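A.B. asks: What follows is model.cif, made up of mmCIF, C-alpha atoms:
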data_run
loop_
_atom_site.label_atom_id
_atom_site.label_comp_id
_atom_site.auth_asym_id
_atom_site.auth_seq_id
_atom_site.Cartn_x
_atom_site.Cartn_y
_atom_site.Cartn_z
CA MET A 148 0.00 0.00 0.00
CA THR A 149 0.95 3.59 -0.42
CA LYS A 150 3.10 5.48 2.01
CA ASP A 151 2.03 8.98 1.01
CA PRO A 152 -0.54 10.24 3.54
CA LEU A 153 -1.38 13.30 1.42
CA ILE A 154 -2.71 11.07 -1.37
CA ASP A 155 -4.81 9.11 1.09
CA TYR A 156 -6.08 12.31 2.69
CA THR A 157 -7.03 13.85 -0.65
CA LEU A 158 -8.78 10.64 -1.70
CA HIS A 159 -10.60 10.54 1.62
CA LEU A 160 -11.98 14.05 1.02
CA ALA A 161 -12.80 13.27 -2.60
CA ASP A 162 -14.58 10.02 -1.70
CA ASN A 163 -16.66 11.82 0.92
CA ALA A 164 -17.82 14.34 -1.66
CA LEU A 165 -18.42 11.83 -4.46
CA VAL A 166 -20.29 9.25 -2.41
CA LEU A 167 -22.64 11.75 -0.79
CA GLY A 168 -23.06 13.53 -4.12
CA HIS A 169 -24.01 10.25 -5.73
CA ARG A 170 -26.44 9.40 -2.95
CA ASN A 171 -28.15 12.75 -3.35
CA SER A 172 -28.25 12.36 -7.12
CA GLU A 173 -30.33 9.22 -6.59
CA TRP A 174 -33.15 11.59 -5.60
CA THR A 175 -33.10 13.34 -8.98
CA GLY A 176 -36.50 12.74 -10.51
CA HIS A 177 -37.82 11.29 -7.25
CA GLY A 178 -37.88 14.35 -4.97
CA PRO A 179 -41.01 14.92 -2.90
CA ILE A 180 -41.74 18.09 -4.86
CA LEU A 181 -40.18 19.54 -8.00
CA GLU A 182 -38.53 22.47 -6.22
CA GLN A 183 -36.82 20.26 -3.66
CA ASP A 184 -35.81 17.77 -6.32
CA ILE A 185 -33.90 20.60 -7.97
CA ALA A 186 -32.49 21.84 -4.66
CA LEU A 187 -31.04 18.45 -3.77
CA SER A 188 -29.79 17.88 -7.32
CA ASN A 189 -27.95 21.21 -7.07
CA ILE A 190 -26.32 20.06 -3.85
CA ALA A 191 -25.36 16.77 -5.50
CA LEU A 192 -23.74 18.71 -8.34
CA ASP A 193 -21.82 20.91 -5.89
CA GLN A 194 -20.47 17.83 -4.15
CA ILE A 195 -19.51 16.02 -7.33
CA GLY A 196 -17.79 19.23 -8.45
CA GLN A 197 -15.78 19.25 -5.22
CA ALA A 198 -14.95 15.59 -5.76
CA ARG A 199 -13.64 16.34 -9.25
CA TYR A 200 -11.19 18.98 -8.03
CA LEU A 201 -9.97 16.65 -5.32
CA TYR A 202 -9.60 13.62 -7.61
CA GLN A 203 -7.73 15.72 -10.15
CA TYR A 204 -5.35 16.82 -7.43
CA ALA A 205 -4.98 13.25 -6.15
CA ALA A 206 -4.32 11.97 -9.68
CA GLY A 207 -1.54 14.52 -10.09
CA LEU A 208 -0.01 13.51 -6.77
CA ILE A 209 -0.16 9.83 -7.69
CA ASN A 210 1.41 10.39 -11.10
CA SER A 211 4.33 12.30 -9.62
CA SER A 212 4.68 9.96 -6.65
CA THR A 213 7.70 7.75 -6.22
CA THR A 214 5.92 5.38 -3.83
CA ASP A 215 4.05 2.30 -4.93
CA ARG A 216 1.91 3.26 -7.91
CA GLY A 217 0.27 -0.17 -7.80
CA ALA A 218 -1.81 0.98 -4.84
CA TYR A 219 -3.94 3.00 -7.24
CA PRO A 220 -5.59 1.57 -10.32
CA ALA A 221 -4.77 3.53 -13.43
CA PRO A 222 -6.60 1.82 -16.28
CA ARG A 223 -5.70 2.02 -19.95
CA THR A 224 -3.43 5.00 -20.13
CA GLY A 225 -1.27 4.01 -17.20
CA GLU A 226 -1.75 7.48 -15.78
CA ALA A 227 -4.01 8.03 -12.80
CA THR A 228 -7.03 10.13 -13.74
CA GLU A 229 -10.02 11.54 -11.86
CA ASP A 230 -12.31 9.08 -13.66
CA GLY A 231 -10.00 6.17 -12.94
CA LEU A 232 -10.00 7.00 -9.24
CA ALA A 233 -13.77 7.36 -9.12
CA TYR A 234 -14.74 4.38 -11.27
CA HIS A 235 -12.00 1.81 -11.00
CA ARG A 236 -11.33 1.50 -7.31
CA ASP A 237 -13.07 -1.11 -5.18
CA GLY A 238 -14.97 -0.64 -1.96
CA TRP A 239 -11.96 -1.29 0.26
CA ASP A 240 -10.04 1.44 -1.59
CA PHE A 241 -12.68 4.05 -0.77
CA LYS A 242 -11.90 6.17 2.29
CA ASN A 243 -15.19 7.99 2.79
CA CYS A 244 -16.90 8.20 6.17
CA LEU A 245 -19.60 5.62 6.83
CA LEU A 246 -22.20 8.37 7.24
CA VAL A 247 -22.17 9.46 3.60
CA GLU A 248 -22.63 5.99 2.10
CA GLN A 249 -25.83 5.20 4.03
CA ASP A 250 -28.90 4.58 1.89
CA ASN A 251 -31.28 7.47 1.31
CA GLY A 252 -34.17 5.96 3.27
CA ASP A 253 -36.95 8.52 3.47
CA TRP A 254 -36.68 12.29 3.12
CA ALA A 255 -35.98 12.65 6.85
CA LYS A 256 -32.97 10.33 6.71
CA THR A 257 -31.58 12.05 3.62
CA ILE A 258 -32.03 15.45 5.27
CA LEU A 259 -30.46 14.43 8.56
CA ARG A 260 -27.48 12.79 6.80
CA GLN A 261 -26.95 15.98 4.82
CA PHE A 262 -27.29 18.16 7.90
CA PHE A 263 -24.78 16.15 9.94
CA PHE A 264 -22.29 16.12 7.10
CA SER A 265 -22.78 19.72 5.97
CA ALA A 266 -22.29 20.93 9.55
CA TYR A 267 -19.05 18.94 9.59
CA GLN A 268 -17.89 20.17 6.18
CA TYR A 269 -18.79 23.75 7.06
CA PHE A 270 -16.27 23.89 9.90
CA PHE A 271 -13.89 21.52 8.17
CA TYR A 272 -13.45 23.56 4.99
CA GLN A 273 -13.19 26.74 7.06
CA GLN A 274 -10.15 25.21 8.77
CA LEU A 275 -8.69 23.54 5.70
CA ALA A 276 -8.66 26.88 3.84
CA GLY A 277 -5.98 28.04 6.29
CA ARG A 278 -3.79 24.93 6.18
CA LYS A 279 -0.42 24.60 4.48
CA ASP A 280 -1.27 22.69 1.30
CA GLY A 281 -2.11 25.42 -1.21
CA GLU A 282 -4.18 23.25 -3.52
CA LEU A 283 -6.36 21.81 -0.76
CA ALA A 284 -6.72 25.27 0.78
CA ALA A 285 -7.95 26.69 -2.53
CA ILE A 286 -10.47 23.88 -3.03
CA ALA A 287 -11.65 24.36 0.55
CA GLU A 288 -12.19 28.07 0.06
CA LYS A 289 -14.35 27.52 -2.99
CA SER A 290 -16.27 24.63 -1.43
CA TYR A 291 -16.92 26.53 1.78
CA LYS A 292 -19.39 28.85 0.04
CA GLU A 293 -21.29 25.92 -1.40
CA VAL A 294 -21.38 24.06 1.88
CA SER A 295 -22.62 27.15 3.72
CA TYR A 296 -25.75 26.93 1.61
CA HIS A 297 -26.06 23.16 2.08
CA LEU A 298 -25.94 23.69 5.82
CA ARG A 299 -28.54 26.44 5.71
CA TRP A 300 -30.86 24.36 3.52
CA SER A 301 -30.53 21.17 5.55
CA SER A 302 -30.82 23.03 8.89
CA GLU A 303 -34.13 24.54 7.85
CA TRP A 304 -35.41 21.13 6.84
CA VAL A 305 -34.34 19.56 10.12
CA ILE A 306 -36.30 22.26 11.93
CA ARG A 307 -39.35 21.87 9.67
CA LEU A 308 -39.47 18.11 10.03
CA GLY A 309 -38.56 17.97 13.72
CA ASP A 310 -41.05 20.70 14.59
CA GLY A 311 -43.58 19.70 11.92
CA THR A 312 -46.24 17.01 12.22
CA GLU A 313 -46.30 14.01 14.50
CA GLU A 314 -45.25 11.84 11.55
CA SER A 315 -42.34 14.05 10.46
CA HIS A 316 -41.09 14.24 14.05
CA ARG A 317 -41.24 10.45 14.35
CA ARG A 318 -39.41 10.00 11.05
CA MET A 319 -36.65 12.38 12.16
CA ASN A 320 -36.21 10.38 15.36
CA ASP A 321 -36.06 7.15 13.35
CA ALA A 322 -33.38 8.70 11.13
CA LEU A 323 -31.50 9.86 14.21
CA ASP A 324 -31.52 6.28 15.56
CA GLN A 325 -29.96 5.05 12.34
CA LEU A 326 -27.38 7.79 11.76
CA TRP A 327 -26.20 9.02 15.14
CA ARG A 328 -23.79 6.13 15.70
CA LEU A 329 -21.99 7.07 12.47
CA THR A 330 -21.26 10.69 13.40
CA GLY A 331 -18.39 9.89 15.76
CA GLU A 332 -16.24 8.79 12.85
CA LEU A 333 -16.19 12.37 11.56
CA TYR A 334 -13.97 13.23 14.55
CA THR A 335 -11.97 10.05 14.76
CA PRO A 336 -8.72 10.74 12.89
CA SER A 337 -7.36 8.05 10.59
CA SER A 338 -3.70 7.12 10.43
CA TYR A 339 -3.03 9.49 7.51
CA GLU A 340 -4.87 12.36 9.20
CA LYS A 341 -2.77 11.98 12.33
CA MET A 342 0.42 12.18 10.25
CA LEU A 343 -0.71 15.27 8.36
CA VAL A 344 -2.04 17.23 11.34
CA ALA A 345 1.50 17.45 12.70
CA GLU A 346 2.68 18.86 9.36
CA GLY A 347 -0.02 21.53 9.37
CA ILE A 348 -1.73 20.09 6.30
CA ALA A 349 -4.73 18.22 7.73
CA VAL A 350 -7.46 19.74 9.89
CA ASP A 351 -7.28 18.90 13.57
CA LEU A 352 -10.58 17.08 14.04
CA THR A 353 -10.61 17.24 17.82
CA ALA A 354 -10.82 21.04 17.59
CA LEU A 355 -13.78 20.72 15.21
CA GLN A 356 -15.89 18.47 17.39
CA PRO A 357 -17.17 21.08 19.91
CA LEU A 358 -18.11 23.45 17.06
CA TRP A 359 -20.08 20.69 15.35
CA GLU A 360 -21.79 19.62 18.56
CA GLN A 361 -22.78 23.21 19.29
CA ARG A 362 -24.33 23.64 15.85
CA ILE A 363 -26.23 20.36 16.08
CA ALA A 364 -27.53 21.33 19.54
CA ASP A 365 -28.68 24.78 18.29
CA VAL A 366 -30.62 23.39 15.37
CA PHE A 367 -32.03 20.44 17.33
CA ARG A 368 -33.32 22.83 20.00
CA GLN A 369 -35.28 24.74 17.34
CA ALA A 370 -36.45 21.46 15.85
CA GLY A 371 -37.68 20.05 19.16
CA LEU A 372 -35.28 17.11 18.83
CA THR A 373 -33.09 15.72 21.59
CA VAL A 374 -29.36 15.26 21.03
CA PRO A 375 -28.62 11.67 22.05
CA ALA A 376 -25.78 10.70 24.35
CA LEU A 377 -22.64 9.92 22.36
CA GLY A 378 -22.90 6.16 22.95
CA TRP A 379 -21.15 3.53 20.86
CA GLN A 380 -19.81 4.81 17.55
CA GLN A 381 -19.03 2.79 14.45
CA THR A 382 -15.86 3.72 12.54
CA GLY A 383 -13.69 2.24 9.80
CA GLY A 384 -14.78 3.93 6.58
CA LYS A 385 -11.72 6.17 6.46
CA GLU A 386 -9.54 3.05 6.45
CA GLY A 387 -11.64 1.19 3.88
CA LYS A 388 -13.87 -0.86 6.21
CA HIS A 389 -17.34 0.00 5.02
CA THR A 390 -20.95 -0.83 5.74
CA GLU A 391 -22.86 -3.05 3.31
CA HIS A 392 -24.34 -0.01 1.57
CA LEU A 393 -21.21 1.15 -0.25
CA GLY A 394 -20.95 -1.94 -2.46
CA TYR A 395 -24.43 -1.43 -3.91
CA LEU A 396 -23.71 2.23 -4.53
CA LEU A 397 -20.45 1.48 -6.35
CA ALA A 398 -22.05 -1.32 -8.37
CA GLU A 399 -24.50 1.16 -9.84
CA MET A 400 -22.18 4.17 -10.08
CA GLN A 401 -19.24 2.29 -11.61
CA PHE A 402 -21.12 -0.15 -13.83
CA LEU A 403 -20.73 1.68 -17.12
CA GLN A 404 -17.01 2.36 -16.78
CA ARG A 405 -16.37 -1.18 -15.55
CA ALA A 406 -18.28 -2.73 -18.44
CA TYR A 407 -16.97 -0.31 -21.08
CA PRO A 408 -13.71 1.17 -19.73
CA GLY A 409 -12.98 4.63 -21.03
CA ASN A 410 -16.37 4.95 -22.67
CA GLU A 411 -17.55 8.50 -23.28
CA TRP A 412 -20.92 10.09 -23.87
CA MET B 1177 -54.10 24.86 2.18
CA GLU B 1178 -55.42 23.54 -1.09
CA LYS B 1179 -55.85 19.88 -1.82
CA ASN B 1180 -53.68 18.56 -4.62
CA GLN B 1181 -55.98 17.21 -7.31
CA ASN B 1182 -53.63 14.40 -8.27
CA THR B 1183 -52.63 13.03 -4.91
CA GLY B 1184 -55.44 14.31 -2.69
CA ARG B 1185 -52.75 15.51 -0.30
CA THR B 1186 -52.36 18.98 1.06
CA ALA B 1187 -50.25 21.01 -1.33
CA TRP B 1188 -47.92 23.88 -0.59
CA PRO B 1189 -49.13 27.32 -1.74
CA LEU B 1190 -47.95 28.86 -4.97
CA TRP B 1191 -45.51 31.79 -5.02
CA GLU B 1192 -44.66 34.28 -7.77
CA ILE B 1193 -40.93 34.87 -8.13
CA PHE B 1194 -39.24 38.14 -9.09
CA ILE B 1195 -35.51 38.30 -9.80
CA ARG B 1196 -33.25 41.29 -10.26
CA SER B 1197 -30.28 40.51 -12.44
CA LYS B 1198 -26.83 42.07 -12.10
CA GLN B 1199 -27.45 44.54 -14.91
CA GLY B 1200 -31.13 45.08 -14.23
CA LEU B 1201 -32.55 47.91 -12.21
CA ASP B 1202 -35.86 46.28 -11.46
CA HIS B 1203 -37.12 42.91 -10.37
CA LYS B 1204 -38.69 40.95 -13.20
CA HIS B 1205 -41.25 38.20 -12.94
CA VAL B 1206 -39.56 34.91 -13.84
CA GLY B 1207 -42.15 32.30 -12.91
CA SER B 1208 -43.79 30.60 -9.99
CA LEU B 1209 -43.12 27.69 -7.65
CA HIS B 1210 -44.45 25.90 -4.59
CA ALA B 1211 -43.14 26.43 -1.07
CA ALA B 1212 -44.40 26.05 2.48
CA ASP B 1213 -43.55 29.62 3.45
CA ALA B 1214 -41.70 32.74 2.32
CA ALA B 1215 -38.29 31.60 3.54
CA MET B 1216 -38.56 28.33 1.65
CA ALA B 1217 -39.90 30.16 -1.40
CA ILE B 1218 -36.76 32.31 -1.51
CA GLU B 1219 -34.52 29.24 -1.20
CA ASN B 1220 -36.48 27.37 -3.83
CA ALA B 1221 -36.26 30.39 -6.12
CA ARG B 1222 -32.51 30.43 -5.60
CA ASP B 1223 -32.32 26.79 -6.64
CA VAL B 1224 -34.82 26.92 -9.49
CA TYR B 1225 -34.22 30.34 -11.04
CA THR B 1226 -30.66 31.48 -10.24
CA ARG B 1227 -28.66 28.36 -11.13
CA ARG B 1228 -26.99 30.13 -14.05
CA MET B 1229 -26.10 33.31 -12.19
CA GLU B 1230 -29.25 35.09 -13.31
CA GLY B 1231 -29.85 37.10 -10.19
CA VAL B 1232 -28.56 39.15 -7.31
CA SER B 1233 -31.87 39.76 -5.55
CA ILE B 1234 -35.05 37.74 -5.13
CA TRP B 1235 -38.59 38.82 -4.24
CA VAL B 1236 -41.37 36.34 -3.58
CA VAL B 1237 -45.10 37.04 -3.34
CA GLU B 1238 -47.70 34.45 -2.53
CA SER B 1239 -49.77 34.13 -5.67
CA LYS B 1240 -53.10 34.61 -3.90
CA TYR B 1241 -52.08 38.20 -3.11
CA VAL B 1242 -51.63 39.09 -6.76
CA HIS B 1243 -54.70 40.79 -8.21
CA ALA B 1244 -54.96 40.79 -11.97
CA SER B 1245 -56.91 42.78 -14.53
CA ASN B 1246 -59.75 40.96 -16.23
CA PRO B 1247 -58.95 39.83 -19.79
CA ASP B 1248 -62.61 40.31 -20.73
CA GLU B 1249 -62.18 44.03 -20.12
CA ALA B 1250 -59.13 44.30 -22.33
CA ALA B 1251 -60.93 46.32 -24.97
CA SER B 1252 -62.09 49.07 -22.64
CA PHE B 1253 -58.84 48.95 -20.68
CA TYR B 1254 -56.25 49.22 -23.41
CA ASP B 1255 -57.73 50.13 -26.76
CA PRO B 1256 -58.41 53.80 -25.92
CA ALA B 1257 -54.62 54.34 -25.62
CA ASN B 1258 -54.08 53.17 -29.18
CA ASP B 1259 -54.60 56.49 -30.95
CA LYS B 1260 -52.97 58.75 -28.35
CA VAL B 1261 -49.43 58.74 -29.61
CA TYR B 1262 -48.72 62.08 -27.88
CA ARG B 1263 -48.62 60.21 -24.58
CA HIS B 1264 -45.33 58.61 -25.56
CA PRO B 1265 -42.29 60.59 -24.50
CA THR B 1266 -40.83 60.52 -27.98
CA PHE B 1267 -41.22 64.13 -28.96
CA TYR B 1268 -38.01 65.43 -27.46
CA ASP B 1269 -34.35 64.37 -27.52
CA LEU B 1270 -32.84 62.76 -24.46
CA PRO B 1271 -29.41 64.02 -23.40
CA ASP B 1272 -26.73 61.33 -23.76
CA GLU B 1273 -25.90 61.48 -20.05
CA LEU B 1274 -29.33 60.13 -19.18
CA LYS B 1275 -29.18 56.38 -18.79
CA HIS B 1276 -31.79 53.70 -18.30
CA MET B 1277 -34.66 55.39 -20.11
#
Can you present the structure in this file as structure tokens?

C.D. replies:
Amino acid sequence: MTKDPLIDYTLHLADNALVLGHRNSEWTGHGPILEQDIALSNIALDQIGQARYLYQYAAGLINSSTTDRGAYPAPRTGEATEDGLAYHRDGWDFKNCLLVEQDNGDWAKTILRQFFFSAYQYFFYQQLAGRKDGELAAIAEKSYKEVSYHLRWSSEWVIRLGDGTEESHRRMNDALDQLWRLTGELYTPSSYEKMLVAEGIAVDLTALQPLWEQRIADVFRQAGLTVPALGWQQTGGKEGKHTEHLGYLLAEMQFLQRAYPGNEW
Amino acid sequence: MEKNQNTGRTAWPLWEIFIRSKQGLDHKHVGSLHAADAAMAIENARDVYTRRMEGVSIWVVESKYVHASNPDEAASFYDPANDKVYRHPTFYDLPDELKHM
């Protein structure tokens, strides 16, 4: 496996953005109402756009890397590309958090997943924009504006659903039961994050956690929802140990490029 | 709230959307959409009508508050203006410094 933590870190960020973007894109054409279908599709496009910048950067790092190139599939051309990284890696190569790969469930689950992750990305990109790696900092600065809107949109929905009808409140609590145990991973640094924090490249996640918790508490208070105790938390996604949901997602997302490598529209 | 004819479920009210573009001086009607309240209407308008950088300002008005002239009265409303060309401000030259006229 590779020894370059910056490549792993960049792929981790790219995978987060791509996987959640793909999940949200599954709603396109199925949204509860046309306007929200478009809103969520816009968010999906923002995230896939962020993923593209990050994969392009990762591909460049891989191609100029002297460490084991075999750790990254580079089909056909022999060069790593953004498409190769997105479509030709297997589940255990993906380094996204478990939260973003969870199935869409109902609207409440999709909203809560987005809210948890947008609140994380909001503070994360803010910090990353001031870190030492110029490329990552630039991507973070651009993405921060997009994520600010995602956070605003998902916060309002959490409040509407939590403080809405009996049914919407119940559905939010069901979603909370399913997703809460996956939020701890956001603040559990992986091996490559630990290495890069010391170099001033990666964001220090322990500093982020209280900011995230405060934001969740603020919105939950308005939504009439109760923040659960931390409890047991499932981790592993950042190191390639995923839940059963990722495989199904990749099977659909990667099918075309796996069946017809290099195919174009 | 109105009942949706297709689903029988309660539908969100309709809103009329007005957008002011970067170059424009006034808000222009761009269309309508559904939203639960004004705040959501503004967000929906942002997502539906400003995806291609069309706007810098959004107004929303719930459609039920828009009162319209009656098309049946069009003849008495508009035809009398037809032959009164002197009402158009075209009989004097505008100075070049005057913009947006």

A.B. asks: Calculated over all atoms listed in the file, which of the candidates B:Ala1187, B:Gly1200, B:Ile1195, B:Lys1240 has the smallest distance to B:Ala1221?

C.D. replies: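 Closest residue, counting all atoms listed in the file: B:Ile1195.
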
A.B. asks: Using atom CA of B:Thr1226 and atom CA of B:Ala1212 as the two end points, give the distance in Å to one decimal.

C.D. replies: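 Going from atom CA of B:Thr1226 over to atom CA of B:Ala1212, I get 19.5 Å.
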
A.B. asks: Leaving out A:Tyr269 and any residue of its chain fewer than 3 positions from it, which residues lie within 7 Å of it when counting all atoms listed in the file, given as an MDAnalysis selection string?

C.D. replies: chainID A and resid 265:266 272:273 291 294:295

A.B. asks: Would you write out, as JSON lines, a table of all residues in chain B that have an atom no more than 8 Å from an atom of chain A, listing for each the closest atom pair and the distance in Å to one decimal, considering only C-alpha atoms and ordering rows by chain and rising residue number?

C.D. replies:
{"residue": "B:Leu1209", "atom": "CA", "partner": "A:Glu182", "partner_atom": "CA", "distance": 7.1}
{"residue": "B:His1210", "atom": "CA", "partner": "A:Glu182", "partner_atom": "CA", "distance": 7.0}
{"residue": "B:Ala1211", "atom": "CA", "partner": "A:Glu182", "partner_atom": "CA", "distance": 8.0}
{"residue": "B:Glu1219", "atom": "CA", "partner": "A:Trp300", "partner_atom": "CA", "distance": 7.7}
{"residue": "B:Asn1220", "atom": "CA", "partner": "A:Glu182", "partner_atom": "CA", "distance": 5.8}
{"residue": "B:Asp1223", "atom": "CA", "partner": "A:Ala186", "partner_atom": "CA", "distance": 5.3}
{"residue": "B:Val1224", "atom": "CA", "partner": "A:Ile185", "partner_atom": "CA", "distance": 6.6}

A.B. asks: Between atom CA of A:Tyr339 and atom CA of A:Pro152, measure the distance and give it in Å to one decimal.

C.D. replies: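 Computed distance, atom CA of A:Tyr339 to atom CA of A:Pro152, equals 4.7 Å.
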
A.B. asks: Assuming the chain letters and numbering stay as they are in my file, what does the PyMOL selection byres ((chain A and resi 161-177) around 8) actually select? List them as an mmCIF file with C-alpha atoms, in the frame of the given file.

C.D. replies:
data_model
loop_
_atom_site.group_PDB
_atom_site.id
_atom_site.type_symbol
_atom_site.label_atom_id
_atom_site.label_comp_id
_atom_site.auth_asym_id
_atom_site.auth_seq_id
_atom_site.Cartn_x
_atom_site.Cartn_y
_atom_site.Cartn_z
ATOM 1 C CA THR A 157 -7.030 13.850 -0.650
ATOM 2 C CA LEU A 158 -8.780 10.640 -1.700
ATOM 3 C CA HIS A 159 -10.600 10.540 1.620
ATOM 4 C CA LEU A 160 -11.980 14.050 1.020
ATOM 5 C CA GLY A 178 -37.880 14.350 -4.970
ATOM 6 C CA PRO A 179 -41.010 14.920 -2.900
ATOM 7 C CA ASP A 184 -35.810 17.770 -6.320
ATOM 8 C CA ILE A 185 -33.900 20.600 -7.970
ATOM 9 C CA LEU A 187 -31.040 18.450 -3.770
ATOM 10 C CA SER A 188 -29.790 17.880 -7.320
ATOM 11 C CA ILE A 190 -26.320 20.060 -3.850
ATOM 12 C CA ALA A 191 -25.360 16.770 -5.500
ATOM 13 C CA LEU A 192 -23.740 18.710 -8.340
ATOM 14 C CA ASP A 193 -21.820 20.910 -5.890
ATOM 15 C CA GLN A 194 -20.470 17.830 -4.150
ATOM 16 C CA ILE A 195 -19.510 16.020 -7.330
ATOM 17 C CA GLN A 197 -15.780 19.250 -5.220
ATOM 18 C CA ALA A 198 -14.950 15.590 -5.760
ATOM 19 C CA ARG A 199 -13.640 16.340 -9.250
ATOM 20 C CA LEU A 201 -9.970 16.650 -5.320
ATOM 21 C CA TYR A 202 -9.600 13.620 -7.610
ATOM 22 C CA ALA A 233 -13.770 7.360 -9.120
ATOM 23 C CA PHE A 241 -12.680 4.050 -0.770
ATOM 24 C CA LYS A 242 -11.900 6.170 2.290
ATOM 25 C CA ASN A 243 -15.190 7.990 2.790
ATOM 26 C CA CYS A 244 -16.900 8.200 6.170
ATOM 27 C CA VAL A 247 -22.170 9.460 3.600
ATOM 28 C CA GLU A 248 -22.630 5.990 2.100
ATOM 29 C CA ASP A 250 -28.900 4.580 1.890
ATOM 30 C CA ASN A 251 -31.280 7.470 1.310
ATOM 31 C CA THR A 257 -31.580 12.050 3.620
ATOM 32 C CA LEU A 396 -23.710 2.230 -4.530
ATOM 33 C CA MET A 400 -22.180 4.170 -10.080
#

A.B. asks: Please evaluate the PyMOL selection byres ((chain B and resi 1233-1237) around 6) against the structure above and give the resulting residues as a ChimeraX atom specification.

C.D. replies: /B:1191-1196,1231-1232,1238-1239

A.B. asks: Give me the result of the PyMOL selection byres ((chain A and resi 343) around 12) on this file, residue by residue, as a list in words.

C.D. replies: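 Applying the PyMOL selection byres ((chain A and resi 343) around 12) to the structure shown produces Asp151, Pro152, Leu153, Ile154, Asp155, Tyr156, Thr157, Leu275, Arg278, Lys279, Asp280, Pro336, Ser337, Ser338, Tyr339, Glu340, Lys341, Met342, Val344, Ala345, Glu346, Gly347, Ile348, Ala349, Val350, Asp351 and Leu352 of chain A.
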
A.B. asks: Of the candidates A:Leu333, A:Ile209, A:Ala255, A:Leu246, which one gets nearest to A:Ser315 if we count all atoms listed in the file?

C.D. replies: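 Using all atoms listed in the file, A:Ser315 sits closest to A:Ala255.
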
A.B. asks: Report, as AutoDock Vina command-line options, the centre and edge lengths in Å (one decimal) of the axis-aligned box enclosing every listed atom of stretch 299-316 of chain A, padded by 5 Å on each side.

C.D. replies:
--center_x -37.4 --center_y 19.1 --center_z 9.1 --size_x 27.8 --size_y 24.6 --size_z 21.1
